[in-house]
Amino acid sequence: RWFAANGWGEVRKSGGSFGGSGWASTGKWVADESKETFFVKTSSRACDKMFAGEAAGLRAMREAAEASADEERLKIPRVYGCGDFDGPGSGSFLIMEFLEMGGRGDARRFGRAVARMHDATPTQAEPAAGKFGFAVDNTIGATPQPNGWHDDWPAFFRDYRLKHQVALAGDAAIDRLAEKLLPRVPDFFDDGQPLKPSIIHGDLWSGNIGTANGQPSIFDPACYFAHHEAESVPPGNNRDVETRAAQVGHVLVRLSRARLLGGLPRGHSRGSRLQEAPAPLRTLPPAQPLQPLRRRLPWRRDRPHGGMPATGRRRIGRTAAQPGAPQRETNEWG
């Protein structure tokens, strides 16, 4: 009905699924008359909880990317529309341009294209005035991501990203580390270094990267206007292995063991103030990596728009094999 109401005439589904997840399904649709092709995502969730934020993010990235020179431009799929099927509770859809996807392409070219998108001057009033955040809440995968607008980047990152993920983790050890770390987040940034809001993808990992007709492309975003250095990928690029809670725990443990709770190690990061840690903290043991998972989730490289199966919730903690035995780390999927 949406296609007919918007002048596309009869449009039919072509072929099978192009990947999906526990929260969305995908497919290719073709218009009978014009032969225009569309990439359609559907979900059982309402549009305002699922696709409205994704559509707004794709439009913001596309606008920023199109300000770049052709040879350095990201290819972002055009959004045609999104909505609920038959009102609240009936599920929702997102209709986009269909892209013929290829491999990840040249990494240097991809990096330059992402940097040019970050460097684009925002046209929305709030980021143009120096505010960080986004006009609507969205999701990162299936996880709700709160936004809104904030004048101060460290405060936004602390309150809308770290605190939110720590609360979702529901882990007492992470909570204790967060109580020490989160009040110090503003101290990690140099007041004399101006921070410019940049549109970022927000969930940039290997499954959301590809090429479209040889041009670097990104999709499935969790966009917001941020300090550009927030556009990072977890160590090992392993979102299919590590859950959100584990990533938050990993970051907090690494920060605490890297002597950030009492001061920062010597170094340099643009926009950050790094200092020498006080002597008592220099004796802390080095950070230990997370233990590998006992099994990996299935992963398909043939999903052109980065679909992946639903992930379970990871259970992290300590247990004892038998009374009196030394405790050992557990790292399982529940």
# chains A, B, ... in the order shown; residues from 1 in each chain; ligands from 1
>>> select_by_dssp(residues="segment 26-175 of chain A", states="alpha helix (DSSP H)", output="PyMOL selection string")
chain A and resi 51-65+107-119+125-128+153-156+163-169+172-175
>>> atom_distance(atom1="atom CA of Asp48 of chain A", atom2="atom CA of Ile199 of chain A")
20.6 Å
>>> closest_atom_pairs(of="segment 22-41 of chain A", to="segment 88-96 of chain A", cutoff="7 Å", atoms="only C-alpha atoms", output="tab-separated table")
residue	atom	partner	partner_atom	distance
A:Phe38	CA	A:Met96	CA	5.7
A:Phe39	CA	A:Met96	CA	5.1
A:Val40	CA	A:Ile95	CA	4.6
A:Lys41	CA	A:Leu94	CA	5.1
>>> closest_residue(among="A:Asn213, A:Val114, A:Ala4, A:Gly105", to="Ser68 of chain A", atoms="only C-alpha atoms")
A:Val114
>>> residues_around(residues="Ser14 of chain A", least_positions_apart="4", cutoff="9 Å", atoms="only C-alpha atoms", output="ChimeraX atom specification")
/A:27-30
>>> write_last_selection(atoms="C-alpha atoms", output="mmCIF file, in the first residue's frame")
data_model
loop_
_atom_site.group_PDB
_atom_site.id
_atom_site.type_symbol
_atom_site.label_atom_id
_atom_site.label_comp_id
_atom_site.auth_asym_id
_atom_site.auth_seq_id
_atom_site.Cartn_x
_atom_site.Cartn_y
_atom_site.Cartn_z
ATOM 1 C CA GLY A 27 14.112 -8.372 1.324
ATOM 2 C CA LYS A 28 14.397 -6.975 -2.199
ATOM 3 C CA TRP A 29 11.323 -5.505 -3.921
ATOM 4 C CA VAL A 30 11.021 -4.483 -7.593
#
>>> atom_distance(atom1="atom CA of Phe110 of chain A", atom2="atom CA of Pro216 of chain A")
5.5 Å
>>> atom_distance(atom1="atom CA of Gly81 of chain A", atom2="atom CA of Glu33 of chain A")
19.7 Å
>>> closest_residue(among="A:Ala56, A:Leu99, A:Val79, A:His227", to="Gln193 of chain A", atoms="only C-alpha atoms")
A:His227
>>> residues_around(residues="Pro144 of chain A", least_positions_apart="6", cutoff="8 Å", atoms="only C-alpha atoms", output="list in words")
Lys49, Asp137 and Asn138 of chain A
>>> select_by_dssp(residues="segment 37-156 of chain A", states="strand (DSSP E)", output="PDB file with N, CA and C atoms, in the first residue's frame")
ATOM      1  N   THR A  37      14.423  -0.793  -7.857  1.00  0.00           N
ATOM      2  CA  THR A  37      14.606  -1.811  -6.823  1.00  0.00           C
ATOM      3  C   THR A  37      14.685  -1.145  -5.447  1.00  0.00           C
ATOM      4  N   PHE A  38      14.169  -1.846  -4.450  1.00  0.00           N
ATOM      5  CA  PHE A  38      14.102  -1.317  -3.090  1.00  0.00           C
ATOM      6  C   PHE A  38      14.608  -2.378  -2.114  1.00  0.00           C
ATOM      7  N   PHE A  39      15.250  -1.898  -1.061  1.00  0.00           N
ATOM      8  CA  PHE A  39      15.652  -2.774   0.036  1.00  0.00           C
ATOM      9  C   PHE A  39      14.720  -2.480   1.204  1.00  0.00           C
ATOM     10  N   VAL A  40      13.991  -3.494   1.678  1.00  0.00           N
ATOM     11  CA  VAL A  40      12.951  -3.300   2.681  1.00  0.00           C
ATOM     12  C   VAL A  40      13.296  -4.086   3.945  1.00  0.00           C
ATOM     13  N   LYS A  41      13.260  -3.385   5.064  1.00  0.00           N
ATOM     14  CA  LYS A  41      13.429  -4.023   6.367  1.00  0.00           C
ATOM     15  C   LYS A  41      12.087  -3.989   7.087  1.00  0.00           C
ATOM     16  N   THR A  42      11.748  -5.059   7.778  1.00  0.00           N
ATOM     17  CA  THR A  42      10.519  -5.118   8.546  1.00  0.00           C
ATOM     18  C   THR A  42      10.825  -5.595   9.963  1.00  0.00           C
ATOM     19  N   SER A  43       9.973  -5.199  10.888  1.00  0.00           N
ATOM     20  CA  SER A  43      10.162  -5.555  12.288  1.00  0.00           C
ATOM     21  C   SER A  43       8.812  -5.672  12.961  1.00  0.00           C
ATOM     22  N   VAL A  79      16.875   6.817   1.757  1.00  0.00           N
ATOM     23  CA  VAL A  79      15.675   6.389   2.481  1.00  0.00           C
ATOM     24  C   VAL A  79      14.452   6.933   1.751  1.00  0.00           C
ATOM     25  N   TYR A  80      13.525   6.025   1.392  1.00  0.00           N
ATOM     26  CA  TYR A  80      12.282   6.446   0.758  1.00  0.00           C
ATOM     27  C   TYR A  80      11.174   6.675   1.768  1.00  0.00           C
ATOM     28  N   GLY A  81      11.139   5.893   2.832  1.00  0.00           N
ATOM     29  CA  GLY A  81      10.102   6.075   3.830  1.00  0.00           C
ATOM     30  C   GLY A  81      10.112   4.986   4.866  1.00  0.00           C
ATOM     31  N   CYS A  82       9.372   5.217   5.942  1.00  0.00           N
ATOM     32  CA  CYS A  82       9.209   4.215   6.988  1.00  0.00           C
ATOM     33  C   CYS A  82       7.876   4.470   7.677  1.00  0.00           C
ATOM     34  N   GLY A  83       7.372   3.466   8.376  1.00  0.00           N
ATOM     35  CA  GLY A  83       6.104   3.628   9.064  1.00  0.00           C
ATOM     36  C   GLY A  83       5.627   2.331   9.664  1.00  0.00           C
ATOM     37  N   ASP A  84       4.449   2.383  10.293  1.00  0.00           N
ATOM     38  CA  ASP A  84       3.806   1.194  10.844  1.00  0.00           C
ATOM     39  C   ASP A  84       2.886   0.591   9.794  1.00  0.00           C
ATOM     40  N   SER A  92       6.411  -2.735  11.709  1.00  0.00           N
ATOM     41  CA  SER A  92       6.832  -1.550  10.955  1.00  0.00           C
ATOM     42  C   SER A  92       7.752  -1.929   9.809  1.00  0.00           C
ATOM     43  N   PHE A  93       8.047  -0.936   8.957  1.00  0.00           N
ATOM     44  CA  PHE A  93       8.886  -1.155   7.782  1.00  0.00           C
ATOM     45  C   PHE A  93       9.773   0.056   7.539  1.00  0.00           C
ATOM     46  N   LEU A  94      10.868  -0.203   6.840  1.00  0.00           N
ATOM     47  CA  LEU A  94      11.790   0.835   6.381  1.00  0.00           C
ATOM     48  C   LEU A  94      12.137   0.519   4.934  1.00  0.00           C
ATOM     49  N   ILE A  95      11.933   1.483   4.025  1.00  0.00           N
ATOM     50  CA  ILE A  95      12.158   1.272   2.596  1.00  0.00           C
ATOM     51  C   ILE A  95      13.332   2.134   2.156  1.00  0.00           C
ATOM     52  N   MET A  96      14.326   1.481   1.553  1.00  0.00           N
ATOM     53  CA  MET A  96      15.555   2.158   1.146  1.00  0.00           C
ATOM     54  C   MET A  96      15.915   1.800  -0.292  1.00  0.00           C
ATOM     55  N   GLU A  97      16.867   2.535  -0.795  1.00  0.00           N
ATOM     56  CA  GLU A  97      17.489   2.201  -2.080  1.00  0.00           C
ATOM     57  C   GLU A  97      18.182   0.846  -1.964  1.00  0.00           C
ATOM     58  N   MET A 101      25.865  -4.897  -3.242  1.00  0.00           N
ATOM     59  CA  MET A 101      26.976  -4.836  -2.307  1.00  0.00           C
ATOM     60  C   MET A 101      28.114  -5.771  -2.699  1.00  0.00           C
ATOM     61  N   GLY A 102      29.329  -5.307  -2.402  1.00  0.00           N
ATOM     62  CA  GLY A 102      30.528  -6.114  -2.600  1.00  0.00           C
ATOM     63  C   GLY A 102      31.282  -6.262  -1.294  1.00  0.00           C
ATOM     64  N   PHE A 132      25.618  18.319  21.059  1.00  0.00           N
ATOM     65  CA  PHE A 132      25.879  16.910  20.792  1.00  0.00           C
ATOM     66  C   PHE A 132      24.623  16.092  21.082  1.00  0.00           C
ATOM     67  N   GLY A 133      24.399  15.031  20.289  1.00  0.00           N
ATOM     68  CA  GLY A 133      23.239  14.168  20.479  1.00  0.00           C
ATOM     69  C   GLY A 133      22.543  13.927  19.158  1.00  0.00           C
ATOM     70  N   PHE A 134      21.226  13.748  19.214  1.00  0.00           N
ATOM     71  CA  PHE A 134      20.463  13.493  17.998  1.00  0.00           C
ATOM     72  C   PHE A 134      19.013  13.877  18.246  1.00  0.00           C
ATOM     73  N   ASN A 138      17.238   6.279  19.164  1.00  0.00           N
ATOM     74  CA  ASN A 138      17.353   5.217  18.167  1.00  0.00           C
ATOM     75  C   ASN A 138      17.797   3.935  18.842  1.00  0.00           C
ATOM     76  N   THR A 139      18.309   3.011  18.078  1.00  0.00           N
ATOM     77  CA  THR A 139      18.762   1.735  18.635  1.00  0.00           C
ATOM     78  C   THR A 139      20.163   1.435  18.127  1.00  0.00           C
ATOM     79  N   ILE A 140      20.919   0.687  18.920  1.00  0.00           N
ATOM     80  CA  ILE A 140      22.195   0.151  18.483  1.00  0.00           C
ATOM     81  C   ILE A 140      22.025  -1.359  18.494  1.00  0.00           C
ATOM     82  N   THR A 143      19.257  -2.739  20.963  1.00  0.00           N
ATOM     83  CA  THR A 143      19.311  -2.042  22.248  1.00  0.00           C
ATOM     84  C   THR A 143      18.887  -0.593  22.108  1.00  0.00           C
ATOM     85  N   PRO A 144      17.907  -0.124  22.873  1.00  0.00           N
ATOM     86  CA  PRO A 144      17.526   1.290  22.811  1.00  0.00           C
ATOM     87  C   PRO A 144      18.703   2.197  23.159  1.00  0.00           C
ATOM     88  N   GLN A 145      18.815   3.298  22.426  1.00  0.00           N
ATOM     89  CA  GLN A 145      19.904   4.257  22.631  1.00  0.00           C
ATOM     90  C   GLN A 145      19.301   5.645  22.830  1.00  0.00           C
ATOM     91  N   GLY A 148      18.698  13.003  22.571  1.00  0.00           N
ATOM     92  CA  GLY A 148      18.495  14.356  23.065  1.00  0.00           C
ATOM     93  C   GLY A 148      19.698  15.210  22.722  1.00  0.00           C
ATOM     94  N   TRP A 149      19.695  16.457  23.174  1.00  0.00           N
ATOM     95  CA  TRP A 149      20.778  17.399  22.855  1.00  0.00           C
ATOM     96  C   TRP A 149      21.468  17.858  24.123  1.00  0.00           C
ATOM     97  N   HIS A 150      22.799  18.023  24.022  1.00  0.00           N
ATOM     98  CA  HIS A 150      23.596  18.435  25.185  1.00  0.00           C
ATOM     99  C   HIS A 150      24.703  19.364  24.712  1.00  0.00           C
TER     100      HIS A 150
END
>>> closest_residue(among="A:Lys35, A:Lys75, A:Ala129, A:Ala64", to="Ser217 of chain A", atoms="only C-alpha atoms")
A:Lys75
>>> residues_around(residues="Leu204 of chain A", least_positions_apart="2", cutoff="8 Å", atoms="only C-alpha atoms", output="ChimeraX atom specification")
/A:201-202,206,208-209,218,221,231-233
>>> write_last_selection(atoms="all heavy atoms", output="compact mmCIF listing (two decimals), in the first residue's frame")
# COMPACT_ATOMS: atom_id res chain seq x y z
N HIS A 201 28.48 7.18 12.52
CA HIS A 201 27.65 6.00 12.29
C HIS A 201 27.17 5.43 13.61
O HIS A 201 26.01 5.06 13.76
CB HIS A 201 28.46 4.96 11.50
CG HIS A 201 27.73 3.69 11.21
ND1 HIS A 201 27.54 2.71 12.17
CD2 HIS A 201 27.13 3.23 10.07
CE1 HIS A 201 26.87 1.70 11.64
NE2 HIS A 201 26.61 1.99 10.37
N GLY A 202 28.07 5.29 14.58
CA GLY A 202 27.70 4.88 15.92
C GLY A 202 27.73 3.39 16.19
O GLY A 202 27.70 2.97 17.35
N SER A 206 32.52 -4.67 11.35
CA SER A 206 32.75 -5.29 10.05
C SER A 206 31.47 -5.65 9.33
O SER A 206 31.41 -5.61 8.10
CB SER A 206 33.61 -6.55 10.22
OG SER A 206 32.98 -7.48 11.10
N ASN A 208 28.73 -3.98 9.17
CA ASN A 208 28.04 -2.79 8.68
C ASN A 208 28.87 -2.01 7.67
O ASN A 208 28.63 -0.82 7.43
CB ASN A 208 27.65 -1.87 9.84
CG ASN A 208 26.59 -2.49 10.73
OD1 ASN A 208 25.92 -3.43 10.33
ND2 ASN A 208 26.46 -1.98 11.94
N ILE A 209 29.86 -2.68 7.09
CA ILE A 209 30.79 -2.05 6.15
C ILE A 209 30.80 -2.86 4.85
O ILE A 209 30.76 -4.09 4.88
CB ILE A 209 32.22 -2.02 6.74
CG1 ILE A 209 32.26 -1.14 7.98
CG2 ILE A 209 33.24 -1.54 5.70
CD1 ILE A 209 33.57 -1.24 8.74
N ILE A 218 28.46 2.32 4.18
CA ILE A 218 28.11 1.92 5.54
C ILE A 218 26.59 1.97 5.68
O ILE A 218 25.92 2.72 4.97
CB ILE A 218 28.80 2.79 6.61
CG1 ILE A 218 28.51 4.28 6.39
CG2 ILE A 218 30.30 2.54 6.62
CD1 ILE A 218 29.15 5.18 7.43
N PRO A 221 22.93 2.03 10.87
CA PRO A 221 23.61 2.92 11.81
C PRO A 221 22.90 3.05 13.15
O PRO A 221 21.75 2.64 13.32
CB PRO A 221 23.57 4.26 11.07
CG PRO A 221 22.26 4.22 10.34
CD PRO A 221 22.09 2.78 9.90
N GLU A 231 33.81 7.45 17.07
CA GLU A 231 33.60 6.49 15.98
C GLU A 231 34.72 5.47 16.01
O GLU A 231 35.68 5.52 15.24
CB GLU A 231 33.59 7.20 14.63
CG GLU A 231 33.15 6.30 13.47
CD GLU A 231 31.65 6.25 13.31
OE1 GLU A 231 31.00 5.55 14.11
OE2 GLU A 231 31.13 6.94 12.41
N SER A 232 34.62 4.51 16.91
CA SER A 232 35.66 3.49 17.05
C SER A 232 35.04 2.12 17.01
O SER A 232 33.84 1.95 17.17
CB SER A 232 36.44 3.68 18.37
OG SER A 232 35.56 3.56 19.47
N VAL A 233 35.89 1.11 16.80
CA VAL A 233 35.45 -0.28 16.72
C VAL A 233 36.06 -1.04 17.89
O VAL A 233 37.23 -0.82 18.21
CB VAL A 233 35.88 -0.91 15.39
CG1 VAL A 233 35.42 -2.34 15.28
CG2 VAL A 233 35.34 -0.08 14.22
>>> closest_residue(among="A:Thr123, A:Tyr160, A:Arg1, A:Cys47", to="Arg59 of chain A", atoms="only C-alpha atoms")
A:Thr123
>>> residues_around(residues="Pro186 of chain A", least_positions_apart="6", cutoff="9 Å", atoms="only C-alpha atoms", output="ChimeraX atom specification")
/A:153-155,158
>>> decode(residues="segment 25-51 of chain A", atoms="N, CA, C and O atoms", output="PDB file, in the first residue's frame")
ATOM      1  N   SER A  25      13.791  -8.272   9.607  1.00  0.00           N
ATOM      2  CA  SER A  25      13.958  -9.105   8.420  1.00  0.00           C
ATOM      3  C   SER A  25      14.136  -8.196   7.211  1.00  0.00           C
ATOM      4  O   SER A  25      13.738  -7.026   7.239  1.00  0.00           O
ATOM      5  N   THR A  26      14.708  -8.735   6.132  1.00  0.00           N
ATOM      6  CA  THR A  26      15.015  -7.902   4.970  1.00  0.00           C
ATOM      7  C   THR A  26      14.582  -8.595   3.687  1.00  0.00           C
ATOM      8  O   THR A  26      14.403  -9.819   3.641  1.00  0.00           O
ATOM      9  N   GLY A  27      14.444  -7.821   2.626  1.00  0.00           N
ATOM     10  CA  GLY A  27      14.112  -8.372   1.324  1.00  0.00           C
ATOM     11  C   GLY A  27      14.256  -7.338   0.227  1.00  0.00           C
ATOM     12  O   GLY A  27      14.335  -6.133   0.486  1.00  0.00           O
ATOM     13  N   LYS A  28      14.309  -7.825  -1.009  1.00  0.00           N
ATOM     14  CA  LYS A  28      14.397  -6.975  -2.199  1.00  0.00           C
ATOM     15  C   LYS A  28      13.022  -6.919  -2.863  1.00  0.00           C
ATOM     16  O   LYS A  28      12.367  -7.945  -3.043  1.00  0.00           O
ATOM     17  N   TRP A  29      12.595  -5.713  -3.238  1.00  0.00           N
ATOM     18  CA  TRP A  29      11.323  -5.505  -3.921  1.00  0.00           C
ATOM     19  C   TRP A  29      11.581  -4.755  -5.219  1.00  0.00           C
ATOM     20  O   TRP A  29      12.463  -3.893  -5.284  1.00  0.00           O
ATOM     21  N   VAL A  30      10.818  -5.076  -6.267  1.00  0.00           N
ATOM     22  CA  VAL A  30      11.021  -4.483  -7.593  1.00  0.00           C
ATOM     23  C   VAL A  30       9.691  -3.937  -8.110  1.00  0.00           C
ATOM     24  O   VAL A  30       8.660  -4.630  -8.068  1.00  0.00           O
ATOM     25  N   ALA A  31       9.726  -2.694  -8.620  1.00  0.00           N
ATOM     26  CA  ALA A  31       8.533  -2.088  -9.207  1.00  0.00           C
ATOM     27  C   ALA A  31       8.294  -2.653 -10.601  1.00  0.00           C
ATOM     28  O   ALA A  31       9.227  -2.722 -11.416  1.00  0.00           O
ATOM     29  N   ASP A  32       7.054  -3.077 -10.886  1.00  0.00           N
ATOM     30  CA  ASP A  32       6.728  -3.701 -12.178  1.00  0.00           C
ATOM     31  C   ASP A  32       7.016  -2.769 -13.349  1.00  0.00           C
ATOM     32  O   ASP A  32       7.598  -3.177 -14.367  1.00  0.00           O
ATOM     33  N   GLU A  33       6.617  -1.507 -13.240  1.00  0.00           N
ATOM     34  CA  GLU A  33       6.706  -0.605 -14.385  1.00  0.00           C
ATOM     35  C   GLU A  33       8.080   0.007 -14.535  1.00  0.00           C
ATOM     36  O   GLU A  33       8.702  -0.070 -15.599  1.00  0.00           O
ATOM     37  N   SER A  34       8.595   0.622 -13.491  1.00  0.00           N
ATOM     38  CA  SER A  34       9.875   1.334 -13.588  1.00  0.00           C
ATOM     39  C   SER A  34      11.083   0.430 -13.391  1.00  0.00           C
ATOM     40  O   SER A  34      12.207   0.819 -13.705  1.00  0.00           O
ATOM     41  N   LYS A  35      10.882  -0.754 -12.826  1.00  0.00           N
ATOM     42  CA  LYS A  35      11.953  -1.700 -12.482  1.00  0.00           C
ATOM     43  C   LYS A  35      12.875  -1.143 -11.394  1.00  0.00           C
ATOM     44  O   LYS A  35      13.979  -1.661 -11.192  1.00  0.00           O
ATOM     45  N   GLU A  36      12.421  -0.122 -10.718  1.00  0.00           N
ATOM     46  CA  GLU A  36      13.175   0.402  -9.576  1.00  0.00           C
ATOM     47  C   GLU A  36      13.250  -0.683  -8.498  1.00  0.00           C
ATOM     48  O   GLU A  36      12.291  -1.422  -8.259  1.00  0.00           O
ATOM     49  N   THR A  37      14.423  -0.793  -7.857  1.00  0.00           N
ATOM     50  CA  THR A  37      14.606  -1.811  -6.823  1.00  0.00           C
ATOM     51  C   THR A  37      14.685  -1.145  -5.447  1.00  0.00           C
ATOM     52  O   THR A  37      15.220  -0.042  -5.298  1.00  0.00           O
ATOM     53  N   PHE A  38      14.169  -1.846  -4.450  1.00  0.00           N
ATOM     54  CA  PHE A  38      14.102  -1.317  -3.090  1.00  0.00           C
ATOM     55  C   PHE A  38      14.608  -2.378  -2.114  1.00  0.00           C
ATOM     56  O   PHE A  38      14.403  -3.578  -2.315  1.00  0.00           O
ATOM     57  N   PHE A  39      15.250  -1.898  -1.061  1.00  0.00           N
ATOM     58  CA  PHE A  39      15.652  -2.774   0.036  1.00  0.00           C
ATOM     59  C   PHE A  39      14.720  -2.480   1.204  1.00  0.00           C
ATOM     60  O   PHE A  39      14.635  -1.338   1.673  1.00  0.00           O
ATOM     61  N   VAL A  40      13.991  -3.494   1.678  1.00  0.00           N
ATOM     62  CA  VAL A  40      12.951  -3.300   2.681  1.00  0.00           C
ATOM     63  C   VAL A  40      13.296  -4.086   3.945  1.00  0.00           C
ATOM     64  O   VAL A  40      13.601  -5.282   3.886  1.00  0.00           O
ATOM     65  N   LYS A  41      13.260  -3.385   5.064  1.00  0.00           N
ATOM     66  CA  LYS A  41      13.429  -4.023   6.367  1.00  0.00           C
ATOM     67  C   LYS A  41      12.087  -3.989   7.087  1.00  0.00           C
ATOM     68  O   LYS A  41      11.371  -2.978   7.034  1.00  0.00           O
ATOM     69  N   THR A  42      11.748  -5.059   7.778  1.00  0.00           N
ATOM     70  CA  THR A  42      10.519  -5.118   8.546  1.00  0.00           C
ATOM     71  C   THR A  42      10.825  -5.595   9.963  1.00  0.00           C
ATOM     72  O   THR A  42      11.814  -6.292  10.204  1.00  0.00           O
ATOM     73  N   SER A  43       9.973  -5.199  10.888  1.00  0.00           N
ATOM     74  CA  SER A  43      10.162  -5.555  12.288  1.00  0.00           C
ATOM     75  C   SER A  43       8.812  -5.672  12.961  1.00  0.00           C
ATOM     76  O   SER A  43       7.832  -5.038  12.538  1.00  0.00           O
ATOM     77  N   SER A  44       8.746  -6.456  14.018  1.00  0.00           N
ATOM     78  CA  SER A  44       7.526  -6.536  14.810  1.00  0.00           C
ATOM     79  C   SER A  44       7.375  -5.336  15.739  1.00  0.00           C
ATOM     80  O   SER A  44       6.307  -5.119  16.312  1.00  0.00           O
ATOM     81  N   ARG A  45       8.430  -4.547  15.868  1.00  0.00           N
ATOM     82  CA  ARG A  45       8.376  -3.360  16.730  1.00  0.00           C
ATOM     83  C   ARG A  45       7.751  -2.183  15.990  1.00  0.00           C
ATOM     84  O   ARG A  45       7.742  -2.125  14.769  1.00  0.00           O
ATOM     85  N   ALA A  46       7.288  -1.210  16.761  1.00  0.00           N
ATOM     86  CA  ALA A  46       6.715   0.001  16.185  1.00  0.00           C
ATOM     87  C   ALA A  46       7.802   0.827  15.515  1.00  0.00           C
ATOM     88  O   ALA A  46       8.980   0.774  15.905  1.00  0.00           O
ATOM     89  N   CYS A  47       7.420   1.603  14.531  1.00  0.00           N
ATOM     90  CA  CYS A  47       8.385   2.405  13.778  1.00  0.00           C
ATOM     91  C   CYS A  47       9.132   3.380  14.674  1.00  0.00           C
ATOM     92  O   CYS A  47      10.343   3.557  14.541  1.00  0.00           O
ATOM     93  N   ASP A  48       8.434   4.043  15.597  1.00  0.00           N
ATOM     94  CA  ASP A  48       9.112   5.029  16.438  1.00  0.00           C
ATOM     95  C   ASP A  48      10.096   4.391  17.404  1.00  0.00           C
ATOM     96  O   ASP A  48      10.959   5.084  17.951  1.00  0.00           O
ATOM     97  N   LYS A  49      10.004   3.070  17.608  1.00  0.00           N
ATOM     98  CA  LYS A  49      10.937   2.365  18.482  1.00  0.00           C
ATOM     99  C   LYS A  49      12.059   1.699  17.711  1.00  0.00           C
ATOM    100  O   LYS A  49      13.040   1.252  18.321  1.00  0.00           O
ATOM    101  N   MET A  50      11.936   1.610  16.371  1.00  0.00           N
ATOM    102  CA  MET A  50      12.890   0.819  15.610  1.00  0.00           C
ATOM    103  C   MET A  50      13.467   1.571  14.421  1.00  0.00           C
ATOM    104  O   MET A  50      14.664   1.819  14.345  1.00  0.00           O
ATOM    105  N   PHE A  51      12.621   1.966  13.465  1.00  0.00           N
ATOM    106  CA  PHE A  51      13.121   2.443  12.178  1.00  0.00           C
ATOM    107  C   PHE A  51      13.158   3.961  12.027  1.00  0.00           C
ATOM    108  O   PHE A  51      13.865   4.462  11.152  1.00  0.00           O
TER     109      PHE A  51
END
